[in-house]
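Single-structure report; data block below.
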Amino acid sequence: MKTLVMGIVNVTPDSFSDGGKYFSPAEAVRRAKNILDEGAAIIDVGGESTRPGAEPVSWKDEWGRIGAVVEELAGICGKRGALLSVDTYHPETAKLALDAGAGMINCVYPEPVEEMARLCAAKGAFLVVPAKANVPEDFPRNKLYLDPMVGFGTTREEDLALLKSIPELAAKGNVLVGASRKRIVKKLTGEKTTGKNVGGNLGIAIWCAMNGASAVRVHDVQETFQALKVLEALA
């Protein structure tokens with residue numbers, strides 16, 4: 001069993017858990033280097049918050065936020081043997097990111113998936129899509145990750161059902177789960193303060209790994225990497 005850790009770098013002023021902390025390119029790159037040291041196999045760079053109520057960002061503004069970060073991290077990730085992912089639903093941003101050296105596109109909405117698949121296939125890149133999205137049949141399945149989409153307009157019960165669906169999804173292919181610091185963690189633990197729910201986040205990451213997830217997208221990289229390393233040894 002081997003579950004990869006995807007570390008989050010939000011180059012945004014308004015993300016729900018760390019908005020503004022890594023908004024400058026220098027801070028974003030520093031954050032990425034730190035989480036590579038902590039065990040991340042994938043760095044996921046995003047320029048738009050997907051929190052409830054967040055204002056949409058144009059692809060030009062999005063690339064303006066992340067362009068310099070992606071260009072610098074492409075070289076760093078390449079040297080470290082890590083994969084650089086860009087979290088976007090804009091095909092224009094995806095193309096620029098892939099041209100700059102990104103090796104994965106993380107698309108959280110189903111509508112642009114067909115175009116994203118075309119762009120990624122042309123570059124031999126990986127693609128993360130909502131589990132229920134329609135992916136072109138000719139897209140290489142070994143390059144595809146299915147995301148159950150925990151926390152996207154879902155209730156507690158729906159999120160639990162999505163997490164319990166991981167074995168079924170894993171039977172179909174690679175699964176990537178992004179539940180870190182989502183509302184479901186607070187609902188399950190009762191802890192309302194952001195940053196004090198590491199145990200809850202780890203519980204979900206371990207569940208995902210034990211049920212076949214190929215990767216988990218997390219904020220607490222070092223803690224998650226350590227937990228999964230122990231789990232892998234025991235398994």
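Residue numbering restarts at 1 in every chain; chains get A, B, ... in the order shown in the structure tokens, and ligands count up from 1 in that same order.
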Residue contacts of Glu92 (chain A) (9 Å, only C-alpha atoms) excluding same-chain residues fewer than 2 positions away, as a PyMOL selection string
chain A and resi 59-60+63+89-90+94-97
Keeping only C-alpha atoms, take the residues you just selected and write them out as a JSON list (two decimals), in the first residue's frame.
[["chain", "number", "residue", "atom", "x", "y", "z"],
["A", 59, "TRP", "CA", -8.03, 33.03, -15.77],
["A", 60, "LYS", "CA", -5.89, 36.09, -16.37],
["A", 63, "TRP", "CA", -2.38, 33.15, -13.80],
["A", 89, "TYR", "CA", -10.96, 24.94, -13.82],
["A", 90, "HIS", "CA", -9.78, 27.40, -16.49],
["A", 94, "ALA", "CA", -4.10, 24.84, -17.46],
["A", 95, "LYS", "CA", -2.42, 25.29, -20.84],
["A", 96, "LEU", "CA", -0.04, 27.93, -19.49],
["A", 97, "ALA", "CA", 0.75, 25.77, -16.47]]
Out of region 88-192 of chain A, which residues get strand (DSSP E or B) from DSSP, as a VMD selection string?
chain A and resid 104 to 106 126 to 130 144 to 147 174 to 177
I want to know what sits within 8 Å of region 170-181 of chain A, based on only C-alpha atoms, with residues of the same chain fewer than 5 positions away left out; could you give that as a list in words?
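The filter keeps Ser17, Val128, Arg141, Asn142, Leu144, Tyr145, Leu146, Asp147, Pro148, Met149, Val150, Gly151, Lys186, Thr194, Asn197, Asn201, Ile204, Cys208, Asn211, Gly212, Ala213, Ser214, Ala215, Val216, Arg217, Val218 and His219 of chain A.
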CA of Pro112 (chain A) and CA of Asp220 (chain A), how far apart in Å?
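Separation of CA of Asp220 (chain A) and CA of Pro112 (chain A): 29.3 Å.
Between CA of Gly7 (chain A) and CA of Ala40 (chain A) the separation is 5.6 Å.
Our summary of the geometry notes that CA of Gly47 (chain A) is positioned 13.1 Å from CA of Val108 (chain A).
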Backbone DSSP call of alpha helix (DSSP H) for region 47-153 of chain A, listed as a PyMOL selection string:
chain A and resi 59-80+91-100+113-123
Contacts of Pro136 (chain A) at 9 Å or less, counting only C-alpha atoms, minus same-chain residues fewer than 5 places along, as a list in words?
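Once the nearby chain positions are removed, what remains is Val113, Glu114, Ala117 and Arg118 of chain A.
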Filtering to N, CA and C atoms, could you give me those residues as a compact mmCIF listing (two decimals), in the first residue's frame?
# COMPACT_ATOMS: atom_id res chain seq x y z
N VAL A 113 -13.81 19.34 -18.14
CA VAL A 113 -13.01 18.12 -18.12
C VAL A 113 -12.58 17.67 -19.51
N GLU A 114 -13.47 17.74 -20.49
CA GLU A 114 -13.11 17.28 -21.83
C GLU A 114 -11.93 18.06 -22.39
N ALA A 117 -8.76 17.24 -20.43
CA ALA A 117 -8.24 15.94 -20.84
C ALA A 117 -7.42 16.06 -22.12
N ARG A 118 -7.91 16.86 -23.04
CA ARG A 118 -7.18 17.07 -24.30
C ARG A 118 -5.83 17.72 -24.04
Report as a ChimeraX atom specification all protein, DNA and RNA residues lying within 10 Å of Ala68 (chain A), evaluated on only C-alpha atoms, omitting residues in the same chain fewer than 4 positions from it.
/A:24-26,28-29,63-64,72-73,100
